[in-house]
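Here's query-v3.csv, which has CSV, C-alpha atoms and all ligand atoms:
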```
chain,number,residue,atom,x,y,z
A,1,MET,CA,166.1,124.1,139.5
A,2,ASN,CA,165.9,123.1,135.9
A,3,PHE,CA,167.8,119.9,136.3
A,4,THR,CA,168.4,117.4,139.1
A,5,TRP,CA,171.9,117.9,140.6
A,6,GLU,CA,173.8,115.1,142.3
A,7,PRO,CA,176.0,116.2,145.2
A,8,LEU,CA,179.4,114.4,145.0
A,9,ALA,CA,181.2,116.2,147.9
A,10,ASP,CA,181.1,119.6,149.6
A,11,GLY,CA,181.3,122.1,146.8
A,12,ILE,CA,181.2,119.5,144.0
A,13,SER,CA,178.1,118.4,142.1
A,14,ARG,CA,176.9,117.4,138.7
A,15,CYS,CA,173.8,117.0,136.6
A,16,ARG,CA,172.8,114.6,133.8
A,17,LEU,CA,171.3,116.5,130.9
A,18,PRO,CA,168.2,114.9,129.3
A,19,PHE,CA,169.7,115.3,125.8
A,20,LEU,CA,172.2,112.5,125.3
A,21,ASP,CA,172.7,112.0,129.1
A,22,VAL,CA,175.7,114.4,129.1
A,23,THR,CA,177.3,115.1,132.4
A,24,ILE,CA,177.8,118.7,133.5
A,25,GLY,CA,180.2,119.0,136.5
A,26,LEU,CA,180.2,121.9,138.9
A,27,VAL,CA,182.9,122.8,141.5
A,28,TRP,CA,182.7,125.9,143.6
A,29,SER,CA,184.3,127.7,146.6
A,30,SER,CA,185.0,131.2,147.8
A,31,ALA,CA,187.2,132.2,144.8
A,32,GLY,CA,185.0,131.0,141.9
A,33,ALA,CA,182.8,128.4,140.3
A,34,LEU,CA,183.9,126.0,137.6
A,35,LEU,CA,181.8,124.0,135.1
A,36,VAL,CA,183.0,120.8,133.4
A,37,ASP,CA,181.4,120.6,129.9
A,38,THR,CA,178.5,122.7,128.7
A,39,GLY,CA,175.9,120.7,126.7
A,40,THR,CA,174.8,121.4,123.1
A,41,THR,CA,172.6,124.5,122.9
A,42,ARG,CA,172.3,127.9,124.4
A,43,THR,CA,168.9,127.1,125.7
A,44,GLU,CA,170.3,124.0,127.5
A,45,ALA,CA,173.4,125.8,128.7
A,46,SER,CA,171.4,128.8,130.0
A,47,ALA,CA,169.3,126.5,132.1
A,48,VAL,CA,172.5,124.8,133.4
A,49,ARG,CA,174.0,128.3,134.1
A,50,ALA,CA,170.9,129.4,136.1
A,51,ASP,CA,171.0,126.2,138.2
A,52,ALA,CA,174.8,126.2,138.7
A,53,GLU,CA,175.0,129.9,139.7
A,54,ASP,CA,172.1,129.3,142.1
A,55,LEU,CA,173.9,126.3,143.7
A,56,ALA,CA,177.3,128.0,143.8
A,57,GLY,CA,176.0,131.4,144.9
A,58,ARG,CA,178.3,133.0,142.3
A,59,GLU,CA,178.8,133.4,138.6
A,60,ILE,CA,180.6,130.7,136.6
A,61,SER,CA,184.2,131.9,136.5
A,62,HIS,CA,185.8,128.9,134.7
A,63,VAL,CA,184.7,126.4,132.1
A,64,VAL,CA,186.6,123.2,131.2
A,65,LEU,CA,185.8,121.4,128.0
A,66,THR,CA,186.9,117.8,128.2
A,67,HIS,CA,187.1,117.2,124.4
A,68,HIS,CA,185.8,118.5,121.1
A,69,HIS,CA,182.5,116.7,120.7
A,70,PHE,CA,179.5,119.0,120.1
A,71,ASP,CA,177.6,117.8,123.1
A,72,HIS,CA,180.4,119.0,125.5
A,73,VAL,CA,181.4,122.1,123.7
A,74,LEU,CA,178.6,124.1,122.0
A,75,GLY,CA,177.0,125.3,125.2
A,76,ALA,CA,180.3,127.2,126.0
A,77,SER,CA,178.9,130.0,123.9
A,78,THR,CA,176.6,130.9,126.8
A,79,PHE,CA,179.5,131.5,129.4
A,80,ASP,CA,180.9,134.6,127.8
A,81,GLY,CA,182.3,135.9,131.1
A,82,ALA,CA,184.2,132.7,132.1
A,83,ALA,CA,187.7,131.6,131.3
A,84,VAL,CA,187.5,128.6,129.1
A,85,TYR,CA,190.2,125.8,129.4
A,86,CYS,CA,190.5,123.0,126.9
A,87,ALA,CA,193.0,121.0,124.9
A,88,PRO,CA,194.5,122.8,121.9
A,89,ALA,CA,192.5,120.4,119.6
A,90,VAL,CA,189.2,121.7,121.1
A,91,ALA,CA,190.2,125.3,120.4
A,92,ALA,CA,191.1,124.3,116.8
A,93,THR,CA,187.7,122.6,116.3
A,94,VAL,CA,185.9,125.6,117.7
A,95,THR,CA,187.8,128.0,115.4
A,96,GLU,CA,188.2,125.9,112.3
A,97,LYS,CA,185.7,123.1,112.2
A,98,ALA,CA,182.3,124.6,113.2
A,99,GLY,CA,180.8,122.8,110.2
A,100,ARG,CA,181.7,119.4,111.7
A,101,LEU,CA,180.3,120.4,115.1
A,102,ARG,CA,177.0,121.4,113.3
A,103,ALA,CA,176.8,118.3,111.2
A,104,ASP,CA,177.4,116.0,114.2
A,105,ALA,CA,174.9,117.9,116.5
A,106,VAL,CA,172.1,117.7,113.9
A,107,ARG,CA,172.8,114.1,113.1
A,108,TYR,CA,172.3,113.3,116.8
A,109,GLY,CA,169.0,115.1,116.9
A,110,ALA,CA,169.8,118.7,118.0
A,111,ASN,CA,167.6,121.5,116.7
A,112,PRO,CA,169.5,123.0,113.7
A,113,ARG,CA,168.5,126.6,114.5
A,114,GLU,CA,169.7,126.2,118.1
A,115,VAL,CA,172.9,124.7,116.9
A,116,ASP,CA,173.5,127.7,114.5
A,117,ASP,CA,172.8,130.1,117.4
A,118,ALA,CA,175.4,128.4,119.6
A,119,ILE,CA,178.0,128.3,116.8
A,120,ALA,CA,177.4,132.0,116.0
A,121,ALA,CA,178.1,132.9,119.6
A,122,LEU,CA,181.2,130.6,120.2
A,123,ARG,CA,184.4,132.4,120.9
A,124,PRO,CA,187.9,130.9,120.7
A,125,PRO,CA,188.8,129.4,124.1
A,126,GLN,CA,191.3,131.6,125.9
A,127,HIS,CA,193.3,128.8,127.6
A,128,PRO,CA,194.4,125.9,125.4
A,129,THR,CA,196.2,123.5,127.7
A,130,THR,CA,196.8,119.9,128.5
A,131,SER,CA,197.9,120.4,132.1
A,132,GLU,CA,196.7,123.1,134.5
A,133,VAL,CA,196.0,123.7,138.2
A,134,ILE,CA,193.0,125.9,138.8
A,135,ASP,CA,192.9,127.2,142.4
A,136,LEU,CA,189.4,128.2,143.6
A,137,GLY,CA,190.5,128.5,147.2
A,138,GLU,CA,189.0,125.6,149.2
A,139,ARG,CA,188.8,123.6,146.0
A,140,VAL,CA,191.7,123.0,143.6
A,141,ILE,CA,191.0,121.4,140.2
A,142,ILE,CA,193.8,119.6,138.5
A,143,LEU,CA,193.4,119.2,134.7
A,144,GLY,CA,195.4,116.6,132.9
A,145,HIS,CA,195.6,114.6,129.7
A,146,PRO,CA,196.1,110.9,130.8
A,147,GLY,CA,196.6,109.7,127.2
A,148,ARG,CA,194.8,108.8,124.0
A,149,GLY,CA,191.5,107.0,124.2
A,150,HIS,CA,188.0,108.3,123.3
A,151,THR,CA,189.9,111.0,121.3
A,152,ASP,CA,193.5,112.0,121.1
A,153,HIS,CA,193.1,114.9,123.5
A,154,ASP,CA,190.7,114.0,126.3
A,155,LEU,CA,191.2,116.0,129.5
A,156,ILE,CA,190.2,114.9,133.0
A,157,ALA,CA,189.5,117.1,136.0
A,158,VAL,CA,190.5,115.8,139.4
A,159,VAL,CA,189.1,117.6,142.5
A,160,GLU,CA,190.2,116.8,146.0
A,161,GLY,CA,187.0,117.0,148.1
A,162,ALA,CA,186.9,117.3,151.9
A,163,GLU,CA,185.4,113.8,152.0
A,164,ARG,CA,186.6,112.2,148.8
A,165,THR,CA,188.3,112.8,145.5
A,166,VAL,CA,186.1,113.3,142.5
A,167,VAL,CA,187.3,112.7,138.9
A,168,PHE,CA,185.4,114.1,136.0
A,169,CYS,CA,186.4,111.7,133.2
A,170,GLY,CA,184.8,113.1,130.1
A,171,ASP,CA,184.0,110.4,127.6
A,172,LEU,CA,187.1,108.3,128.7
A,173,VAL,CA,184.5,106.6,130.9
A,174,GLU,CA,180.8,106.0,130.0
A,175,GLU,CA,178.2,104.3,132.1
A,176,SER,CA,174.9,104.6,130.3
A,177,ASN,CA,176.3,102.9,127.2
A,178,ASP,CA,179.5,101.2,126.1
A,179,PRO,CA,182.4,103.6,125.6
A,180,SER,CA,181.9,105.6,122.4
A,181,ILE,CA,184.5,104.5,119.8
A,182,ASP,CA,184.9,106.2,116.4
A,183,ALA,CA,187.5,106.8,113.8
A,184,GLU,CA,189.5,109.1,116.1
A,185,SER,CA,189.5,106.8,119.1
A,186,ASP,CA,192.5,104.8,120.0
A,187,THR,CA,191.4,101.6,121.6
A,188,THR,CA,195.0,100.3,121.8
A,189,ALA,CA,196.1,103.1,124.0
A,190,TRP,CA,192.8,103.6,125.9
A,191,PRO,CA,193.4,100.9,128.6
A,192,ALA,CA,196.7,102.4,129.6
A,193,THR,CA,195.1,105.8,129.6
A,194,LEU,CA,192.6,104.5,132.2
A,195,ASP,CA,195.6,103.3,134.3
A,196,GLN,CA,196.7,106.9,134.4
A,197,LEU,CA,193.2,108.1,135.2
A,198,LEU,CA,192.9,105.6,138.0
A,199,SER,CA,196.2,106.6,139.5
A,200,ALA,CA,195.2,110.3,139.3
A,201,GLY,CA,192.1,109.6,141.3
A,202,GLY,CA,193.0,106.6,143.5
A,203,ALA,CA,191.0,103.6,144.6
A,204,ASP,CA,188.5,105.5,146.7
A,205,ALA,CA,187.6,108.3,144.3
A,206,VAL,CA,184.2,108.9,142.6
A,207,TYR,CA,184.6,108.7,138.9
A,208,VAL,CA,182.1,110.7,136.9
A,209,PRO,CA,181.6,109.6,133.4
A,210,GLY,CA,180.8,111.8,130.4
A,211,HIS,CA,177.5,109.9,130.1
A,212,GLY,CA,175.8,108.0,132.9
A,213,ALA,CA,175.9,107.3,136.6
A,214,SER,CA,178.9,108.0,138.8
A,215,VAL,CA,181.0,104.9,139.2
A,216,ASP,CA,183.9,103.6,141.3
A,217,ALA,CA,187.4,102.4,140.4
A,218,ARG,CA,186.3,98.8,140.0
A,219,PHE,CA,183.8,99.9,137.3
A,220,VAL,CA,186.6,101.7,135.5
A,221,ARG,CA,188.7,98.5,135.7
A,222,ARG,CA,185.9,96.5,134.2
A,223,GLN,CA,185.6,99.1,131.3
A,224,GLN,CA,189.3,98.8,130.8
A,225,GLN,CA,189.0,95.0,130.4
A,226,TRP,CA,186.1,95.5,127.9
A,227,LEU,CA,188.2,98.0,125.9
A,228,ALA,CA,191.1,95.5,125.8
A,229,VAL,CA,189.0,93.1,123.8
A,230,HIS,CA,187.3,95.6,121.5
A,301,ZN,ZN,182.7,112.4,123.1
```

Is it possible to give me this structure as structure tokens?
Ligand SMILES: [Zn+2]
Amino acid sequence: MNFTWEPLADGISRCRLPFLDVTIGLVWSSAGALLVDTGTTRTEASAVRADAEDLAGREISHVVLTHHHFDHVLGASTFDGAAVYCAPAVAATVTEKAGRLRADAVRYGANPREVDDAIAALRPPQHPTTSEVIDLGERVIILGHPGRGHTDHDLIAVVEGAERTVVFCGDLVEESNDPSIDAESDTTAWPATLDQLLSAGGADAVYVPGHGASVDARFVRRQQQWLAVH
């Protein structure tokens, strides 16, 4: 294994990438394997792919991109055989704003040549959507947009596990730092968006942030209170 993978439930795992502590989620069962977010470079994503396909025992068939920030999107260029699901805004960024992805990635410390390689191999995502049910047999992934927050288009992936529900939150929830707020964030709407996220997962779900350790519903409530005063 190239990375340490944290089992979340049967057929559901995730790893935290060394670069920027980005979460990569993995869900698999008899009909496929789905990755949530992809990291920044093809080198990084290739290492994720090798691990994920080893764990799942099958090729990655589906990729979900939670939002259009470079550290979640650029590695998608490695998964050329997978169906890519994302919000329409992510597809627009990939096809029309590669320069912005590059500038942001380099500003955060990514290798410029590796970023250029990833951008050159990026394809337009085939499945722009804000609501989708992906059936992998024993595991069903429900994609949804709970509202504006970190961006105006964040998607979450809710997976009912045999033991417990797992919610991949993208950057609507962060644990290793305060939530990332920039010009396109909506801090007014964000707390209500977290209400929707919590009702999608329930009180006993595991909530997996875009950056940081897995948390519970009480942590998400505390973050909601923090956002309400920022
Ligand atoms: Zn982000």

Which neighbours of Ala157 (chain A) fall inside 10 Å, counting only C-alpha atoms, when residues of the same chain fewer than 3 positions from it are skipped, and could you give them as a CSV table (one decimal) with C-alpha atoms, keeping the file's coordinate frame?
```csv
chain,number,residue,atom,x,y,z
A,25,GLY,CA,180.2,119.0,136.5
A,36,VAL,CA,183.0,120.8,133.4
A,64,VAL,CA,186.6,123.2,131.2
A,65,LEU,CA,185.8,121.4,128.0
A,66,THR,CA,186.9,117.8,128.2
A,131,SER,CA,197.9,120.4,132.1
A,132,GLU,CA,196.7,123.1,134.5
A,133,VAL,CA,196.0,123.7,138.2
A,134,ILE,CA,193.0,125.9,138.8
A,140,VAL,CA,191.7,123.0,143.6
A,141,ILE,CA,191.0,121.4,140.2
A,142,ILE,CA,193.8,119.6,138.5
A,143,LEU,CA,193.4,119.2,134.7
A,144,GLY,CA,195.4,116.6,132.9
A,145,HIS,CA,195.6,114.6,129.7
A,166,VAL,CA,186.1,113.3,142.5
A,167,VAL,CA,187.3,112.7,138.9
A,168,PHE,CA,185.4,114.1,136.0
A,169,CYS,CA,186.4,111.7,133.2
A,170,GLY,CA,184.8,113.1,130.1
A,197,LEU,CA,193.2,108.1,135.2
A,200,ALA,CA,195.2,110.3,139.3
A,201,GLY,CA,192.1,109.6,141.3
A,208,VAL,CA,182.1,110.7,136.9
```

**Message:** Set the distance at 8 Å and use all atoms listed in the file: which residues neighbour Pro88 (chain A) once local chain neighbours fewer than 6 positions away are removed? I'd like the list as a list in words.
**Reply:**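 Close residues of Pro88 (chain A): Pro128, Thr129 and Thr130 of chain A.
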
**Request:** Kindly work out which residues sit at most 12 Å from ligand ZN 301 (chain A), using all atoms listed in the file, and give the list as JSON, numbers by chain.
**Result:** {"A": [20, 21, 22, 23, 37, 39, 40, 65, 66, 67, 68, 69, 70, 71, 72, 73, 90, 101, 104, 105, 149, 150, 151, 152, 153, 154, 155, 169, 170, 171, 172, 173, 174, 179, 180, 181, 182, 183, 184, 185, 209, 210, 211]}

As a PDB file with C-alpha atoms, keeping the file's coordinate frame, please: the residues near Thr95 (chain A) (cut-off 10 Å, only C-alpha atoms, same-chain neighbours under 2 positions excluded).
```pdb
ATOM      1  CA  ALA A  89     192.500 120.400 119.600  1.00  0.00           C
ATOM      2  CA  VAL A  90     189.200 121.700 121.100  1.00  0.00           C
ATOM      3  CA  ALA A  91     190.200 125.300 120.400  1.00  0.00           C
ATOM      4  CA  ALA A  92     191.100 124.300 116.800  1.00  0.00           C
ATOM      5  CA  THR A  93     187.700 122.600 116.300  1.00  0.00           C
ATOM      6  CA  LYS A  97     185.700 123.100 112.200  1.00  0.00           C
ATOM      7  CA  ALA A  98     182.300 124.600 113.200  1.00  0.00           C
ATOM      8  CA  ILE A 119     178.000 128.300 116.800  1.00  0.00           C
ATOM      9  CA  LEU A 122     181.200 130.600 120.200  1.00  0.00           C
ATOM     10  CA  ARG A 123     184.400 132.400 120.900  1.00  0.00           C
ATOM     11  CA  PRO A 124     187.900 130.900 120.700  1.00  0.00           C
ATOM     12  CA  PRO A 125     188.800 129.400 124.100  1.00  0.00           C
TER      13      PRO A 125
END
```

**Among listed residues A:Ser46, A:Ala217, A:Thr187, A:Ile60, nearest Ser77 (chain A) (using all atoms listed in the file)** = A:Ser46

**Prompt:** Do you have the CA of Leu198 (chain A)-CA of Ala213 (chain A) distance handy?
**Reply:**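 Atom-to-atom, CA of Leu198 (chain A) and CA of Ala213 (chain A) are spaced 17.1 Å apart.
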
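CA of Tyr85 (chain A) is positioned 26.8 Å from CA of Gly109 (chain A).
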
**Asked** For Val215 (chain A), which residue among A:Glu175, A:Ala45, A:Gly202, A:Ile24 is the nearest when counting all atoms listed in the file?
**Response** A:Glu175

**Item:** Distance criterion (all atoms listed in the file): nearest to Glu114 (chain A) out of A:Leu8, A:Leu136, A:Leu74, A:Leu34
**Value:**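 Among A:Leu8, A:Leu136, A:Leu74, A:Leu34, it is A:Leu74 that comes nearest to Glu114 (chain A).
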
**Request:** Considering only C-alpha atoms, return as a ChimeraX atom specification whatever protein or nucleic-acid residues lie within 9 Å of Glu138 (chain A), sequence-local ones (same chain, fewer than 3 positions apart) excluded.
**Result:** /A:11,28-31,135,161-162

Would you write out those residues with C-alpha atoms, as a PDB file, in the coordinates of the input?
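Writing the result to out.pdb gives the following:
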```pdb
ATOM      1  CA  GLY A  11     181.300 122.100 146.800  1.00  0.00           C
ATOM      2  CA  TRP A  28     182.700 125.900 143.600  1.00  0.00           C
ATOM      3  CA  SER A  29     184.300 127.700 146.600  1.00  0.00           C
ATOM      4  CA  SER A  30     185.000 131.200 147.800  1.00  0.00           C
ATOM      5  CA  ALA A  31     187.200 132.200 144.800  1.00  0.00           C
ATOM      6  CA  ASP A 135     192.900 127.200 142.400  1.00  0.00           C
ATOM      7  CA  GLY A 161     187.000 117.000 148.100  1.00  0.00           C
ATOM      8  CA  ALA A 162     186.900 117.300 151.900  1.00  0.00           C
TER       9      ALA A 162
END
```

**Asked** Which distance in Å separates CA of Arg218 (chain A) and CA of Ala203 (chain A), to one decimal?
**Response** 8.1 Å

**Request:** Please tell me which residues are no farther than 10 Å from (165.9, 120.5, 136.6) in the file, counting all atoms listed in the file, and write them as an MDAnalysis selection string.
**Result:** chainID A and resid 1:5 15:18 47:48 51

Would you mind exporting the chosen residues as an mmCIF file, in the coordinates of the input, restricted to C-alpha atoms?
```cif
data_model
loop_
_atom_site.group_PDB
_atom_site.id
_atom_site.type_symbol
_atom_site.label_atom_id
_atom_site.label_comp_id
_atom_site.auth_asym_id
_atom_site.auth_seq_id
_atom_site.Cartn_x
_atom_site.Cartn_y
_atom_site.Cartn_z
ATOM 1 C CA MET A 1 166.100 124.100 139.500
ATOM 2 C CA ASN A 2 165.900 123.100 135.900
ATOM 3 C CA PHE A 3 167.800 119.900 136.300
ATOM 4 C CA THR A 4 168.400 117.400 139.100
ATOM 5 C CA TRP A 5 171.900 117.900 140.600
ATOM 6 C CA CYS A 15 173.800 117.000 136.600
ATOM 7 C CA ARG A 16 172.800 114.600 133.800
ATOM 8 C CA LEU A 17 171.300 116.500 130.900
ATOM 9 C CA PRO A 18 168.200 114.900 129.300
ATOM 10 C CA ALA A 47 169.300 126.500 132.100
ATOM 11 C CA VAL A 48 172.500 124.800 133.400
ATOM 12 C CA ASP A 51 171.000 126.200 138.200
#
```

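Using all atoms listed in the file for every distance, the candidate list A:Val115, A:Leu35, A:Ala76, A:Ile156 yields A:Val115 as the residue closest to Arg100 (chain A).
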
**A:Gln224, A:Thr193, A:Thr41, A:Thr78 ranked by distance to Gly147 (chain A), top pick (using all atoms listed in the file)** =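 Answer, going by the shortest atom-to-atom distance: A:Thr193.
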
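Nearest residue to Ala189 (chain A) among A:Ala205, A:Ala50, A:Val158, A:Leu227 is A:Leu227, counting all atoms listed in the file.
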
**Item:** 8 Å contact set for Asp117 (chain A), only C-alpha atoms, chain neighbours under 4 positions out, as a PyMOL selection string
**Value:** chain A and resi 41-42+113+121

Save region 206-217 of chain A to disk from that block, all heavy atoms included, as a compact mmCIF listing (two decimals), in the first residue's frame.
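File selection_2.txt, as written:
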```txt
# COMPACT_ATOMS: atom_id res chain seq x y z
N VAL A 206 -20.99 8.17 10.41
CA VAL A 206 -19.61 8.67 10.41
C VAL A 206 -19.54 9.75 9.35
O VAL A 206 -19.94 9.53 8.20
CB VAL A 206 -18.61 7.55 10.05
CG1 VAL A 206 -17.19 8.10 10.02
CG2 VAL A 206 -18.73 6.40 11.01
N TYR A 207 -19.05 10.92 9.70
CA TYR A 207 -18.92 12.03 8.77
C TYR A 207 -17.44 12.18 8.42
O TYR A 207 -16.60 12.35 9.30
CB TYR A 207 -19.49 13.31 9.39
CG TYR A 207 -21.00 13.22 9.54
CD1 TYR A 207 -21.57 12.64 10.68
CD2 TYR A 207 -21.85 13.64 8.53
CE1 TYR A 207 -22.95 12.51 10.81
CE2 TYR A 207 -23.22 13.52 8.65
CZ TYR A 207 -23.77 12.95 9.79
OH TYR A 207 -25.14 12.82 9.90
N VAL A 208 -17.15 12.07 7.13
CA VAL A 208 -15.76 12.09 6.67
C VAL A 208 -15.49 13.45 6.03
O VAL A 208 -16.06 13.78 4.99
CB VAL A 208 -15.49 10.97 5.65
CG1 VAL A 208 -14.01 10.94 5.28
CG2 VAL A 208 -15.94 9.63 6.21
N PRO A 209 -14.64 14.26 6.65
CA PRO A 209 -14.39 15.60 6.13
C PRO A 209 -13.48 15.57 4.89
O PRO A 209 -12.81 14.58 4.64
CB PRO A 209 -13.70 16.31 7.29
CG PRO A 209 -13.09 15.24 8.10
CD PRO A 209 -13.88 13.99 7.87
N GLY A 210 -13.47 16.68 4.16
CA GLY A 210 -12.57 16.79 3.02
C GLY A 210 -11.11 16.81 3.44
O GLY A 210 -10.23 16.40 2.69
N HIS A 211 -10.86 17.29 4.66
CA HIS A 211 -9.51 17.33 5.22
C HIS A 211 -9.62 17.00 6.71
O HIS A 211 -10.32 17.70 7.44
CB HIS A 211 -8.88 18.72 5.04
CG HIS A 211 -8.86 19.22 3.62
ND1 HIS A 211 -7.75 19.11 2.81
CD2 HIS A 211 -9.83 19.79 2.87
CE1 HIS A 211 -8.03 19.62 1.61
NE2 HIS A 211 -9.29 20.05 1.61
N GLY A 212 -8.93 15.94 7.14
CA GLY A 212 -8.90 15.65 8.57
C GLY A 212 -9.54 14.34 8.96
O GLY A 212 -9.97 13.55 8.12
N ALA A 213 -9.58 14.12 10.28
CA ALA A 213 -10.07 12.86 10.84
C ALA A 213 -11.58 12.74 10.70
O ALA A 213 -12.30 13.74 10.67
CB ALA A 213 -9.68 12.78 12.32
N SER A 214 -12.06 11.50 10.64
CA SER A 214 -13.50 11.26 10.63
C SER A 214 -14.12 11.78 11.92
O SER A 214 -13.51 11.71 13.00
CB SER A 214 -13.78 9.76 10.51
OG SER A 214 -13.23 9.26 9.31
N VAL A 215 -15.33 12.29 11.82
CA VAL A 215 -15.98 12.91 12.97
C VAL A 215 -17.40 12.38 13.11
O VAL A 215 -17.88 11.61 12.27
CB VAL A 215 -15.99 14.46 12.84
CG1 VAL A 215 -14.56 14.99 12.80
CG2 VAL A 215 -16.78 14.91 11.62
N ASP A 216 -18.07 12.81 14.19
CA ASP A 216 -19.46 12.41 14.40
C ASP A 216 -20.38 13.61 14.23
O ASP A 216 -19.94 14.73 13.97
CB ASP A 216 -19.63 11.75 15.77
CG ASP A 216 -19.24 12.66 16.93
OD1 ASP A 216 -19.07 13.88 16.70
OD2 ASP A 216 -19.13 12.17 18.06
N ALA A 217 -21.67 13.36 14.41
CA ALA A 217 -22.65 14.43 14.20
C ALA A 217 -22.44 15.58 15.17
O ALA A 217 -22.65 16.75 14.81
CB ALA A 217 -24.06 13.85 14.35
```
